[in-house]
$ cat model_30.pdb   # PDB, C-alpha atoms
MODEL        1
ATOM      1  CA  MET A   1     -33.125 -14.694  78.464  1.00  0.00           C
ATOM      2  CA  TRP A   2     -36.679 -14.696  77.141  1.00  0.00           C
ATOM      3  CA  VAL A   3     -37.908 -14.721  80.681  1.00  0.00           C
ATOM      4  CA  TYR A   4     -35.872 -11.618  81.554  1.00  0.00           C
ATOM      5  CA  LEU A   5     -37.141  -9.830  78.458  1.00  0.00           C
ATOM      6  CA  ALA A   6     -40.754 -10.693  79.306  1.00  0.00           C
ATOM      7  CA  ILE A   7     -40.315  -9.443  82.891  1.00  0.00           C
ATOM      8  CA  ALA A   8     -38.721  -6.223  81.634  1.00  0.00           C
ATOM      9  CA  LEU A   9     -41.530  -5.594  79.117  1.00  0.00           C
ATOM     10  CA  CYS A  10     -44.244  -6.321  81.665  1.00  0.00           C
ATOM     11  CA  SER A  11     -42.681  -4.148  84.386  1.00  0.00           C
ATOM     12  CA  ALA A  12     -41.832  -1.197  82.091  1.00  0.00           C
ATOM     13  CA  PRO A  13     -45.259   0.500  82.448  1.00  0.00           C
ATOM     14  CA  ILE A  14     -45.086   0.152  86.230  1.00  0.00           C
ATOM     15  CA  ILE A  15     -41.554   1.615  86.411  1.00  0.00           C
ATOM     16  CA  TYR A  16     -42.413   4.398  83.936  1.00  0.00           C
ATOM     17  CA  SER A  17     -45.485   5.427  85.919  1.00  0.00           C
ATOM     18  CA  LYS A  18     -43.346   5.862  89.067  1.00  0.00           C
ATOM     19  CA  LEU A  19     -40.724   8.098  87.376  1.00  0.00           C
ATOM     20  CA  PRO A  20     -40.935  11.739  88.440  1.00  0.00           C
ATOM     21  CA  ASP A  21     -42.306  14.374  86.120  1.00  0.00           C
ATOM     22  CA  VAL A  22     -39.886  16.674  84.253  1.00  0.00           C
ATOM     23  CA  GLY A  23     -41.256  19.632  86.231  1.00  0.00           C
ATOM     24  CA  ASP A  24     -40.505  17.830  89.485  1.00  0.00           C
ATOM     25  CA  ILE A  25     -36.937  17.236  88.341  1.00  0.00           C
ATOM     26  CA  LEU A  26     -36.495  20.926  87.454  1.00  0.00           C
ATOM     27  CA  LEU A  27     -37.924  22.070  90.796  1.00  0.00           C
ATOM     28  CA  PHE A  28     -35.614  19.644  92.609  1.00  0.00           C
ATOM     29  CA  MET A  29     -32.605  21.045  90.735  1.00  0.00           C
ATOM     30  CA  ILE A  30     -33.643  24.646  91.524  1.00  0.00           C
ATOM     31  CA  ARG A  31     -34.045  23.827  95.227  1.00  0.00           C
ATOM     32  CA  ARG A  32     -30.578  22.226  95.334  1.00  0.00           C
ATOM     33  CA  TYR A  33     -29.098  25.273  93.555  1.00  0.00           C
ATOM     34  CA  GLU A  34     -30.655  27.624  96.117  1.00  0.00           C
ATOM     35  CA  ASP A  35     -29.393  25.443  98.972  1.00  0.00           C
ATOM     36  CA  LEU A  36     -25.866  25.506  97.536  1.00  0.00           C
ATOM     37  CA  ASN A  37     -26.085  29.264  96.969  1.00  0.00           C
ATOM     38  CA  ILE A  38     -26.773  29.814 100.689  1.00  0.00           C
ATOM     39  CA  ILE A  39     -23.506  28.021 101.424  1.00  0.00           C
ATOM     40  CA  ILE A  40     -21.474  29.587  98.584  1.00  0.00           C
ATOM     41  CA  ARG A  41     -22.517  33.249  99.070  1.00  0.00           C
ATOM     42  CA  PRO A  42     -20.610  33.778 102.357  1.00  0.00           C
ATOM     43  CA  ILE A  43     -17.567  31.980 100.943  1.00  0.00           C
ATOM     44  CA  LYS A  44     -17.659  34.221  97.868  1.00  0.00           C
ATOM     45  CA  GLY A  45     -17.744  37.268 100.142  1.00  0.00           C
ATOM     46  CA  LEU A  46     -14.652  36.047 101.954  1.00  0.00           C
ATOM     47  CA  LEU A  47     -12.750  35.477  98.709  1.00  0.00           C
ATOM     48  CA  GLU A  48     -13.503  38.911  97.196  1.00  0.00           C
ATOM     49  CA  ASP A  49     -10.688  41.410  96.923  1.00  0.00           C
ATOM     50  CA  LYS A  50     -10.739  43.501 100.091  1.00  0.00           C
ATOM     51  CA  ARG A  51      -8.004  45.950  99.092  1.00  0.00           C
ATOM     52  CA  ASP A  52      -9.081  49.551  99.177  1.00  0.00           C
ATOM     53  CA  ILE A  53      -6.894  50.663  96.250  1.00  0.00           C
ATOM     54  CA  THR A  54      -7.333  48.581  93.113  1.00  0.00           C
ATOM     55  CA  GLU A  55      -5.557  50.733  90.492  1.00  0.00           C
ATOM     56  CA  ILE A  56      -3.460  53.895  90.528  1.00  0.00           C
ATOM     57  CA  TYR A  57      -2.784  56.114  87.518  1.00  0.00           C
ATOM     58  CA  ILE A  58      -0.262  58.927  87.775  1.00  0.00           C
ATOM     59  CA  ASN A  59      -0.538  61.356  84.861  1.00  0.00           C
ATOM     60  CA  ASN A  60      -2.521  58.715  82.982  1.00  0.00           C
ATOM     61  CA  ILE A  61       0.128  55.988  83.439  1.00  0.00           C
ATOM     62  CA  LEU A  62      -0.641  52.839  85.434  1.00  0.00           C
ATOM     63  CA  SER A  63       1.549  53.034  88.535  1.00  0.00           C
ATOM     64  CA  SER A  64       2.103  51.409  91.892  1.00  0.00           C
ATOM     65  CA  LEU A  65       1.601  52.686  95.399  1.00  0.00           C
ATOM     66  CA  ASP A  66       5.360  53.191  95.718  1.00  0.00           C
ATOM     67  CA  ASP A  67       5.329  55.597  92.752  1.00  0.00           C
ATOM     68  CA  VAL A  68       2.900  57.867  94.615  1.00  0.00           C
ATOM     69  CA  LYS A  69       5.670  58.859  97.024  1.00  0.00           C
ATOM     70  CA  GLU A  70       7.589  60.505  94.178  1.00  0.00           C
ATOM     71  CA  CYS A  71       4.682  62.610  92.865  1.00  0.00           C
ATOM     72  CA  LYS A  72       5.017  66.313  92.236  1.00  0.00           C
ATOM     73  CA  GLU A  73       2.331  68.761  93.308  1.00  0.00           C
ATOM     74  CA  ASP A  74       0.969  69.237  89.770  1.00  0.00           C
ATOM     75  CA  ASP A  75       0.627  65.498  89.004  1.00  0.00           C
ATOM     76  CA  LEU A  76      -2.871  64.118  88.505  1.00  0.00           C
ATOM     77  CA  ILE A  77      -3.422  60.877  90.390  1.00  0.00           C
ATOM     78  CA  GLU A  78      -6.470  58.731  89.706  1.00  0.00           C
ATOM     79  CA  ILE A  79      -7.257  55.955  92.175  1.00  0.00           C
ATOM     80  CA  LEU A  80      -9.798  53.202  91.605  1.00  0.00           C
ATOM     81  CA  TRP A  81     -11.156  52.462  95.078  1.00  0.00           C
ATOM     82  CA  ARG A  82     -12.409  48.934  95.846  1.00  0.00           C
ATOM     83  CA  ASN A  83     -12.834  48.255  92.126  1.00  0.00           C
ATOM     84  CA  ARG A  84     -15.915  50.483  92.196  1.00  0.00           C
ATOM     85  CA  TYR A  85     -15.246  54.249  92.447  1.00  0.00           C
ATOM     86  CA  ARG A  86     -12.671  56.536  90.822  1.00  0.00           C
ATOM     87  CA  ALA A  87     -11.233  59.574  92.582  1.00  0.00           C
ATOM     88  CA  ILE A  88      -8.827  62.123  91.084  1.00  0.00           C
ATOM     89  CA  TYR A  89      -6.290  63.903  93.284  1.00  0.00           C
ATOM     90  CA  ARG A  90      -3.520  66.469  92.826  1.00  0.00           C
ATOM     91  CA  GLY A  91      -0.064  65.205  93.802  1.00  0.00           C
ATOM     92  CA  ASN A  92       0.261  67.507  96.797  1.00  0.00           C
ATOM     93  CA  ASN A  93      -3.259  66.859  98.057  1.00  0.00           C
ATOM     94  CA  LEU A  94      -3.396  63.057  98.114  1.00  0.00           C
ATOM     95  CA  ASP A  95      -5.181  61.059 100.786  1.00  0.00           C
ATOM     96  CA  LEU A  96      -4.582  57.295 100.756  1.00  0.00           C
ATOM     97  CA  VAL A  97      -7.434  56.578 103.168  1.00  0.00           C
ATOM     98  CA  CYS A  98     -10.581  55.299 101.468  1.00  0.00           C
ATOM     99  CA  PRO A  99     -12.934  58.320 101.106  1.00  0.00           C
ATOM    100  CA  PHE A 100     -16.128  56.319 101.762  1.00  0.00           C
ATOM    101  CA  GLY A 101     -17.339  53.646 104.123  1.00  0.00           C
ATOM    102  CA  VAL A 102     -19.128  51.067 101.992  1.00  0.00           C
ATOM    103  CA  CYS A 103     -19.709  50.454  98.302  1.00  0.00           C
ATOM    104  CA  SER A 104     -23.267  50.885  97.130  1.00  0.00           C
ATOM    105  CA  ASP A 105     -24.797  48.476  94.640  1.00  0.00           C
ATOM    106  CA  THR A 106     -27.225  51.134  93.455  1.00  0.00           C
ATOM    107  CA  THR A 107     -26.214  53.349  90.579  1.00  0.00           C
ATOM    108  CA  ASN A 108     -26.390  57.113  90.912  1.00  0.00           C
ATOM    109  CA  ILE A 109     -26.259  57.900  87.203  1.00  0.00           C
ATOM    110  CA  LEU A 110     -29.088  56.371  85.208  1.00  0.00           C
ATOM    111  CA  LEU A 111     -27.792  57.425  81.801  1.00  0.00           C
ATOM    112  CA  ALA A 112     -24.683  59.230  80.564  1.00  0.00           C
ATOM    113  CA  ASP A 113     -23.892  59.979  76.928  1.00  0.00           C
ATOM    114  CA  LEU A 114     -20.727  61.540  75.567  1.00  0.00           C
ATOM    115  CA  HIS A 115     -21.513  63.864  72.653  1.00  0.00           C
ATOM    116  CA  LYS A 116     -18.394  64.425  70.519  1.00  0.00           C
ATOM    117  CA  SER A 117     -17.931  67.382  68.200  1.00  0.00           C
ATOM    118  CA  THR A 118     -17.958  64.924  65.274  1.00  0.00           C
ATOM    119  CA  GLY A 119     -21.604  64.070  66.012  1.00  0.00           C
ATOM    120  CA  GLU A 120     -20.762  60.733  67.605  1.00  0.00           C
ATOM    121  CA  VAL A 121     -22.724  59.782  70.745  1.00  0.00           C
ATOM    122  CA  ILE A 122     -21.171  57.215  73.111  1.00  0.00           C
ATOM    123  CA  ASP A 123     -22.797  55.591  76.156  1.00  0.00           C
ATOM    124  CA  ILE A 124     -20.440  56.127  79.129  1.00  0.00           C
ATOM    125  CA  THR A 125     -22.864  55.413  81.971  1.00  0.00           C
ATOM    126  CA  GLU A 126     -20.667  52.838  83.703  1.00  0.00           C
ATOM    127  CA  ARG A 127     -17.572  55.062  83.712  1.00  0.00           C
ATOM    128  CA  ILE A 128     -19.446  58.143  84.943  1.00  0.00           C
ATOM    129  CA  ASN A 129     -20.980  56.034  87.729  1.00  0.00           C
ATOM    130  CA  GLN A 130     -17.445  55.240  88.873  1.00  0.00           C
ATOM    131  CA  TYR A 131     -16.502  58.924  88.964  1.00  0.00           C
ATOM    132  CA  SER A 132     -19.768  59.934  90.679  1.00  0.00           C
ATOM    133  CA  GLY A 133     -18.918  58.134  93.931  1.00  0.00           C
ATOM    134  CA  PRO A 134     -21.234  56.366  96.383  1.00  0.00           C
ATOM    135  CA  ASP A 135     -23.452  59.443  96.896  1.00  0.00           C
ATOM    136  CA  GLY A 136     -23.601  60.504  93.237  1.00  0.00           C
ATOM    137  CA  ASN A 137     -22.126  63.939  93.943  1.00  0.00           C
ATOM    138  CA  PHE A 138     -18.713  63.323  92.305  1.00  0.00           C
ATOM    139  CA  PHE A 139     -17.084  63.502  95.777  1.00  0.00           C
ATOM    140  CA  LYS A 140     -17.885  67.230  96.077  1.00  0.00           C
ATOM    141  CA  ASP A 141     -17.978  66.915  99.872  1.00  0.00           C
ATOM    142  CA  ASN A 142     -14.279  65.886  99.849  1.00  0.00           C
ATOM    143  CA  SER A 143     -12.037  68.878  99.110  1.00  0.00           C
ATOM    144  CA  ASN A 144      -9.037  66.665  98.232  1.00  0.00           C
ATOM    145  CA  ILE A 145     -10.804  64.975  95.317  1.00  0.00           C
ATOM    146  CA  GLU A 146     -11.022  66.747  91.944  1.00  0.00           C
ATOM    147  CA  ASN A 147     -13.566  64.672  90.046  1.00  0.00           C
ATOM    148  CA  ILE A 148     -14.279  67.266  87.379  1.00  0.00           C
ATOM    149  CA  SER A 149     -15.201  66.557  83.782  1.00  0.00           C
ATOM    150  CA  LYS A 150     -11.928  67.747  82.234  1.00  0.00           C
ATOM    151  CA  ASN A 151     -10.095  64.930  84.092  1.00  0.00           C
ATOM    152  CA  PHE A 152     -12.393  62.032  83.083  1.00  0.00           C
ATOM    153  CA  TYR A 153     -10.857  59.194  81.065  1.00  0.00           C
ATOM    154  CA  ASN A 154     -12.406  56.256  79.244  1.00  0.00           C
ATOM    155  CA  SER A 155     -11.275  52.626  79.583  1.00  0.00           C
ATOM    156  CA  ARG A 156      -8.580  53.149  76.905  1.00  0.00           C
ATOM    157  CA  ARG A 157      -7.194  56.026  79.026  1.00  0.00           C
ATOM    158  CA  GLU A 158      -8.244  58.708  76.545  1.00  0.00           C
ATOM    159  CA  LEU A 159      -9.772  61.960  77.770  1.00  0.00           C
ATOM    160  CA  LEU A 160     -13.540  61.962  77.353  1.00  0.00           C
ATOM    161  CA  LEU A 161     -13.756  65.692  76.651  1.00  0.00           C
ATOM    162  CA  THR A 162     -11.126  66.867  74.179  1.00  0.00           C
ATOM    163  CA  THR A 163     -12.687  69.968  72.591  1.00  0.00           C
ATOM    164  CA  ASP A 164     -14.943  72.782  73.780  1.00  0.00           C
ATOM    165  CA  GLU A 165     -17.823  71.348  71.725  1.00  0.00           C
ATOM    166  CA  ASP A 166     -17.657  67.948  73.446  1.00  0.00           C
ATOM    167  CA  TYR A 167     -20.031  67.475  76.362  1.00  0.00           C
ATOM    168  CA  ILE A 168     -21.473  64.788  78.617  1.00  0.00           C
ATOM    169  CA  MET A 169     -25.227  64.694  79.146  1.00  0.00           C
ATOM    170  CA  LEU A 170     -26.224  62.655  82.161  1.00  0.00           C
ATOM    171  CA  LEU A 171     -29.415  61.791  83.983  1.00  0.00           C
ATOM    172  CA  ASP A 172     -28.986  61.277  87.715  1.00  0.00           C
ATOM    173  CA  LYS A 173     -31.129  59.184  90.068  1.00  0.00           C
ATOM    174  CA  LYS A 174     -33.230  62.246  90.978  1.00  0.00           C
ATOM    175  CA  GLY A 175     -34.227  62.652  87.323  1.00  0.00           C
ATOM    176  CA  ASP A 176     -32.154  65.800  86.790  1.00  0.00           C
ATOM    177  CA  GLU A 177     -30.405  66.262  83.453  1.00  0.00           C
ATOM    178  CA  ILE A 178     -26.877  67.579  83.896  1.00  0.00           C
ATOM    179  CA  ARG A 179     -24.528  68.788  81.183  1.00  0.00           C
ATOM    180  CA  LEU A 180     -20.774  68.510  81.807  1.00  0.00           C
ATOM    181  CA  GLN A 181     -18.300  70.393  79.620  1.00  0.00           C
ATOM    182  CA  LEU A 182     -14.665  71.458  79.717  1.00  0.00           C
TER     183      LEU A 182
ENDMDL
END
$ encode --input "model_30.pdb" --output "C-alpha coordinates"
Amino acid sequence: MWVYLAIALCSAPIIYSKLPDVGDILLFMIRRYEDLNIIIRPIKGLLEDKRDITEIYINNILSSLDDVKECKEDDLIEILWRNRYRAIYRGNNLDLVCPFGVCSDTTNILLADLHKSTGEVIDITERINQYSGPDGNFFKDNSNIENISKNFYNSRRELLLTTDEDYIMLLDKKGDEIRLQL
(Lines of atoms letter the chains of each structure in order from A and count residues from 1; the text may use other names and numbers.)
(Lines give C-alpha, C1' and ligand atoms only; values in the text may rest on other atoms or scores of the structure.)
Protein backbone atom coordinates (compact mmCIF):
# COMPACT_ATOMS: atom_id res chain seq x y z
CA MET A 1 0.00 0.00 0.00
CA TRP A 2 2.83 2.39 0.81
CA VAL A 3 4.32 1.62 -2.54
CA TYR A 4 1.10 2.54 -4.35
CA LEU A 5 0.85 5.78 -2.38
CA ALA A 6 4.45 6.69 -3.21
CA ILE A 7 3.87 5.99 -6.93
CA ALA A 8 0.69 8.08 -6.89
CA LEU A 9 2.42 11.02 -5.16
CA CYS A 10 5.40 10.89 -7.49
CA SER A 11 3.29 10.64 -10.66
CA ALA A 12 0.74 13.32 -9.65
CA PRO A 13 2.79 16.26 -11.04
CA ILE A 14 3.30 14.41 -14.32
CA ILE A 15 -0.42 13.59 -14.67
CA TYR A 16 -1.46 17.12 -13.62
CA SER A 17 0.84 18.72 -16.18
CA LYS A 18 -0.80 16.69 -18.98
CA LEU A 19 -4.39 17.66 -18.04
CA PRO A 20 -5.98 20.10 -20.48
CA ASP A 21 -6.49 23.72 -19.57
CA VAL A 22 -9.96 24.92 -18.52
CA GLY A 23 -10.11 27.09 -21.65
CA ASP A 24 -9.39 24.05 -23.81
CA ILE A 25 -12.24 22.18 -22.13
CA LEU A 26 -14.65 25.08 -22.75
CA LEU A 27 -13.62 25.38 -26.40
CA PHE A 28 -14.08 21.62 -26.83
CA MET A 29 -17.58 21.83 -25.34
CA ILE A 30 -18.49 24.78 -27.61
CA ARG A 31 -17.26 22.92 -30.70
CA ARG A 32 -19.33 19.85 -29.77
CA TYR A 33 -22.40 22.07 -29.20
CA GLU A 34 -21.99 23.65 -32.64
CA ASP A 35 -21.56 20.21 -34.23
CA LEU A 36 -24.75 18.98 -32.56
CA ASN A 37 -26.60 22.15 -33.56
CA ILE A 38 -25.84 21.46 -37.24
CA ILE A 39 -27.57 18.10 -36.83
CA ILE A 40 -30.45 19.33 -34.64
CA ARG A 41 -31.43 22.45 -36.66
CA PRO A 42 -32.90 20.55 -39.65
CA ILE A 43 -34.71 18.15 -37.31
CA LYS A 44 -36.18 21.10 -35.41
CA GLY A 45 -37.42 22.55 -38.70
CA LEU A 46 -39.16 19.29 -39.52
CA LEU A 47 -40.87 19.14 -36.13
CA GLU A 48 -42.22 22.72 -36.20
CA ASP A 49 -45.94 23.23 -36.63
CA LYS A 50 -46.59 23.59 -40.35
CA ARG A 51 -50.30 24.39 -40.11
CA ASP A 52 -51.26 27.64 -41.74
CA ILE A 53 -54.06 28.48 -39.28
CA THR A 54 -52.99 28.38 -35.64
CA GLU A 55 -55.94 30.11 -33.91
CA ILE A 56 -59.35 31.37 -34.97
CA TYR A 57 -61.46 33.88 -33.04
CA ILE A 58 -65.02 34.57 -34.11
CA ASN A 59 -66.42 37.70 -32.45
CA ASN A 60 -63.61 37.49 -29.91
CA ILE A 61 -64.36 33.86 -28.95
CA LEU A 62 -61.82 31.11 -29.59
CA SER A 63 -63.38 28.88 -32.25
CA SER A 64 -62.58 26.04 -34.60
CA LEU A 65 -62.38 25.88 -38.36
CA ASP A 66 -65.78 24.16 -38.43
CA ASP A 67 -67.38 27.16 -36.69
CA VAL A 68 -66.28 29.42 -39.56
CA LYS A 69 -68.84 27.76 -41.84
CA GLU A 70 -71.67 29.11 -39.69
CA CYS A 71 -70.48 32.75 -39.65
CA LYS A 72 -72.78 35.61 -40.52
CA GLU A 73 -71.66 38.44 -42.77
CA ASP A 74 -71.20 40.91 -39.89
CA ASP A 75 -69.05 38.58 -37.74
CA LEU A 76 -65.44 39.57 -37.13
CA ILE A 77 -63.05 36.67 -37.62
CA GLU A 78 -59.44 36.92 -36.48
CA ILE A 79 -57.02 34.27 -37.71
CA LEU A 80 -53.51 33.76 -36.38
CA TRP A 81 -51.55 32.54 -39.40
CA ARG A 82 -48.55 30.24 -38.84
CA ASN A 83 -48.30 31.42 -35.23
CA ARG A 84 -46.86 34.69 -36.53
CA TYR A 85 -49.36 37.08 -38.18
CA ARG A 86 -52.93 38.09 -37.32
CA ALA A 87 -55.51 38.93 -39.97
CA ILE A 88 -59.06 40.18 -39.35
CA TYR A 89 -61.85 39.32 -41.78
CA ARG A 90 -65.59 39.98 -42.07
CA GLY A 91 -67.72 36.83 -42.07
CA ASN A 92 -68.82 37.21 -45.68
CA ASN A 93 -65.36 38.07 -46.96
CA LEU A 94 -63.25 35.26 -45.52
CA ASP A 95 -60.37 33.63 -47.35
CA LEU A 96 -58.91 30.49 -45.76
CA VAL A 97 -55.83 30.50 -47.99
CA CYS A 98 -52.72 31.86 -46.29
CA PRO A 99 -52.36 35.51 -47.42
CA PHE A 100 -48.53 35.43 -47.58
CA GLY A 101 -45.82 33.12 -48.80
CA VAL A 102 -43.23 32.95 -46.04
CA CYS A 103 -42.88 34.25 -42.50
CA SER A 104 -40.25 36.91 -42.00
CA ASP A 105 -38.01 36.88 -38.95
CA THR A 106 -37.50 40.62 -39.20
CA THR A 107 -39.87 42.90 -37.35
CA ASN A 108 -41.65 45.69 -39.17
CA ILE A 109 -42.63 47.68 -36.09
CA LEU A 110 -39.69 48.80 -33.98
CA LEU A 111 -41.76 50.26 -31.16
CA ALA A 112 -45.48 50.47 -30.40
CA ASP A 113 -46.99 52.06 -27.30
CA LEU A 114 -50.65 52.11 -26.33
CA HIS A 115 -51.56 55.42 -24.69
CA LYS A 116 -54.75 55.05 -22.62
CA SER A 117 -56.98 57.95 -21.63
CA THR A 118 -56.04 57.27 -17.99
CA GLY A 119 -52.42 58.25 -18.73
CA GLU A 120 -51.19 54.66 -18.76
CA VAL A 121 -48.65 53.73 -21.46
CA ILE A 122 -48.32 50.05 -22.42
CA ASP A 123 -45.72 48.48 -24.73
CA ILE A 124 -47.62 46.47 -27.38
CA THR A 125 -44.85 46.09 -29.96
CA GLU A 126 -45.14 42.31 -30.26
CA ARG A 127 -48.91 42.36 -30.81
CA ILE A 128 -48.79 45.18 -33.37
CA ASN A 129 -46.04 43.29 -35.24
CA GLN A 130 -48.47 40.39 -35.56
CA TYR A 131 -51.18 42.63 -37.01
CA SER A 132 -48.73 44.43 -39.34
CA GLY A 133 -48.11 41.35 -41.49
CA PRO A 134 -44.92 40.27 -43.27
CA ASP A 135 -44.60 43.55 -45.22
CA GLY A 136 -45.48 45.87 -42.32
CA ASN A 137 -48.43 47.41 -44.17
CA PHE A 138 -51.19 45.79 -42.05
CA PHE A 139 -52.23 43.70 -45.10
CA LYS A 140 -53.46 46.82 -46.95
CA ASP A 141 -52.75 45.13 -50.29
CA ASN A 142 -55.33 42.42 -49.44
CA SER A 143 -58.88 43.79 -49.71
CA ASN A 144 -60.36 40.89 -47.69
CA ILE A 145 -58.35 41.70 -44.56
CA GLU A 146 -59.51 44.48 -42.22
CA ASN A 147 -56.52 45.00 -39.95
CA ILE A 148 -57.61 48.38 -38.64
CA SER A 149 -56.91 49.75 -35.18
CA LYS A 150 -60.48 49.54 -33.88
CA ASN A 151 -60.32 45.72 -34.25
CA PHE A 152 -57.00 45.14 -32.43
CA TYR A 153 -57.06 42.99 -29.29
CA ASN A 154 -54.45 42.30 -26.64
CA SER A 155 -53.46 38.84 -25.38
CA ARG A 156 -56.34 38.87 -22.84
CA ARG A 157 -58.75 39.48 -25.76
CA GLU A 158 -59.58 43.03 -24.69
CA LEU A 159 -59.83 45.80 -27.27
CA LEU A 160 -56.71 47.95 -27.31
CA LEU A 161 -58.56 51.15 -28.19
CA THR A 162 -61.70 51.63 -26.11
CA THR A 163 -62.21 55.41 -26.07
CA ASP A 164 -61.62 58.25 -28.53
CA GLU A 165 -58.70 59.49 -26.41
CA ASP A 166 -56.85 56.16 -26.60
CA TYR A 167 -54.24 55.90 -29.34
CA ILE A 168 -51.34 53.75 -30.48
CA MET A 169 -48.05 55.44 -31.35
CA LEU A 170 -45.77 53.24 -33.39
CA LEU A 171 -42.40 53.54 -35.06
CA ASP A 172 -42.03 51.46 -38.21
CA LYS A 173 -38.84 50.08 -39.76
CA LYS A 174 -38.55 53.13 -42.04
CA GLY A 175 -38.38 55.40 -38.98
CA ASP A 176 -41.84 56.90 -39.52
CA GLU A 177 -43.97 57.64 -36.47
CA ILE A 178 -47.58 56.61 -37.00
CA ARG A 179 -50.53 57.36 -34.75
CA LEU A 180 -53.47 54.93 -34.79
CA GLN A 181 -56.82 55.91 -33.27
CA LEU A 182 -60.43 54.77 -33.37
$ axis_aligned_box --input "model_30.pdb" --around "range 78-94 of chain A" --padding-each-side "5 Å" --output "lines of an AutoDock Vina configuration file"
center_x = -7.8
center_y = 57.9
center_z = 93.9
size_x = 26.2
size_y = 29.3
size_z = 18.4
$ resolve_selection --input "model_30.pdb" --expression "the PyMOL selection byres ((chain A and resi 118) around 12)" --output "list in words"
Leu114, His115, Lys116, Ser117, Gly119, Glu120, Val121, Ile122, Thr162, Thr163, Asp164, Glu165, Asp166 and Tyr167 of chain A
$ resolve_selection --input "model_30.pdb" --expression "the PyMOL selection byres ((chain A and resi 64-67) around 12)" --output "list in words"
Asp52, Ile53, Thr54, Glu55, Ile56, Tyr57, Ile58, Asn59, Ile61, Leu62, Ser63, Val68, Lys69, Glu70, Cys71, Lys72, Asp75, Ile77, Glu78, Ile79, Gly91, Leu94 and Leu96 of chain A
$ atom_distance --input "model_30.pdb" --atom1 "CA of Asn108 in chain A" --atom2 "CA of Pro42 in chain A"
26.6 Å
$ atom_distance --input "model_30.pdb" --atom1 "CA of Asp172 in chain A" --atom2 "CA of Leu111 in chain A"
7.2 Å
$ resolve_selection --input "model_30.pdb" --expression "the PyMOL selection byres ((chain A and resi 125) around 9)" --output "list in words"
Ile109, Leu110, Leu111, Ala112, Asp113, Asp123, Ile124, Glu126, Arg127, Ile128, Asn129, Gln130 and Leu170 of chain A
$ residues_around --input "model_30.pdb" --residues "Leu182 in chain A" --least-positions-apart "5" --cutoff "7 Å" --atoms "all atoms listed in the file" --output "list in words"
Ser149, Lys150, Leu161 and Asp164 of chain A
$ closest_residue --input "model_30.pdb" --among "A:Leu36, A:Met29, A:Ile148, A:Ile43" --to "Ile88 in chain A" --atoms "all atoms listed in the file"
A:Ile148
$ atom_distance --input "model_30.pdb" --atom1 "CA of Asn60 in chain A" --atom2 "CA of Tyr131 in chain A"
15.2 Å
$ closest_residue --input "model_30.pdb" --among "A:Tyr85, A:Phe100, A:Phe28, A:Tyr153" --to "Ser132 in chain A" --atoms "only C-alpha atoms"
A:Tyr85
$ closest_residue --input "model_30.pdb" --among "A:Asp24, A:Glu146, A:Asp105, A:Glu73" --to "Pro134 in chain A" --atoms "all atoms listed in the file"
A:Asp105
$ residues_around --input "model_30.pdb" --residues "Gly101 in chain A" --least-positions-apart "2" --cutoff "12 Å" --atoms "all atoms listed in the file" --output "PyMOL selection string"
chain A and resi 52+81-82+85+97-99+103-104+133-135
$ build_atoms --input "model_30.pdb" --residues "range 90-112 of chain A" --atoms "N, CA and C atoms" --output "tab-separated table (two decimals), keeping the file's coordinate frame"
chain	number	residue	atom	x	y	z
A	90	ARG	N	-4.76	65.77	93.20
A	90	ARG	CA	-3.52	66.47	92.83
A	90	ARG	C	-2.40	65.86	93.66
A	91	GLY	N	-1.19	65.85	93.13
A	91	GLY	CA	-0.06	65.20	93.80
A	91	GLY	C	0.21	65.69	95.20
A	92	ASN	N	-0.03	66.98	95.47
A	92	ASN	CA	0.26	67.51	96.80
A	92	ASN	C	-0.93	67.39	97.74
A	93	ASN	N	-2.03	66.90	97.27
A	93	ASN	CA	-3.26	66.86	98.06
A	93	ASN	C	-3.85	65.45	98.08
A	94	LEU	N	-2.99	64.46	98.22
A	94	LEU	CA	-3.40	63.06	98.11
A	94	LEU	C	-3.70	62.48	99.50
A	95	ASP	N	-4.79	61.74	99.55
A	95	ASP	CA	-5.18	61.06	100.79
A	95	ASP	C	-5.34	59.58	100.45
A	96	LEU	N	-4.55	58.72	101.07
A	96	LEU	CA	-4.58	57.30	100.76
A	96	LEU	C	-5.53	56.52	101.66
A	97	VAL	N	-6.40	57.22	102.37
A	97	VAL	CA	-7.43	56.58	103.17
A	97	VAL	C	-8.71	56.57	102.33
A	98	CYS	N	-9.37	55.44	102.29
A	98	CYS	CA	-10.58	55.30	101.47
A	98	CYS	C	-11.59	56.40	101.82
A	99	PRO	N	-12.07	57.16	100.82
A	99	PRO	CA	-12.93	58.32	101.11
A	99	PRO	C	-14.40	57.98	101.36
A	100	PHE	N	-14.74	56.71	101.50
A	100	PHE	CA	-16.13	56.32	101.76
A	100	PHE	C	-16.13	55.05	102.59
A	101	GLY	N	-17.25	54.80	103.24
A	101	GLY	CA	-17.34	53.65	104.12
A	101	GLY	C	-17.63	52.35	103.41
A	102	VAL	N	-18.72	52.30	102.67
A	102	VAL	CA	-19.13	51.07	101.99
A	102	VAL	C	-19.44	51.37	100.53
A	103	CYS	N	-19.33	50.34	99.71
A	103	CYS	CA	-19.71	50.45	98.30
A	103	CYS	C	-21.21	50.23	98.18
A	104	SER	N	-21.83	51.02	97.36
A	104	SER	CA	-23.27	50.88	97.13
A	104	SER	C	-23.50	50.11	95.83
A	105	ASP	N	-24.45	49.21	95.86
A	105	ASP	CA	-24.80	48.48	94.64
A	105	ASP	C	-25.70	49.29	93.73
A	106	THR	N	-26.34	50.31	94.27
A	106	THR	CA	-27.22	51.13	93.46
A	106	THR	C	-26.39	52.09	92.61
A	107	THR	N	-26.91	52.42	91.46
A	107	THR	CA	-26.21	53.35	90.58
A	107	THR	C	-26.81	54.74	90.75
A	108	ASN	N	-25.96	55.74	90.73
A	108	ASN	CA	-26.39	57.11	90.91
A	108	ASN	C	-26.70	57.79	89.58
A	109	ILE	N	-26.06	57.33	88.53
A	109	ILE	CA	-26.26	57.90	87.20
A	109	ILE	C	-27.05	56.89	86.38
A	110	LEU	N	-28.24	57.28	85.97
A	110	LEU	CA	-29.09	56.37	85.21
A	110	LEU	C	-28.65	56.27	83.76
A	111	LEU	N	-28.18	57.39	83.21
A	111	LEU	CA	-27.79	57.42	81.80
A	111	LEU	C	-26.76	58.52	81.61
A	112	ALA	N	-25.70	58.23	80.88
A	112	ALA	CA	-24.68	59.23	80.56
A	112	ALA	C	-24.22	59.00	79.13
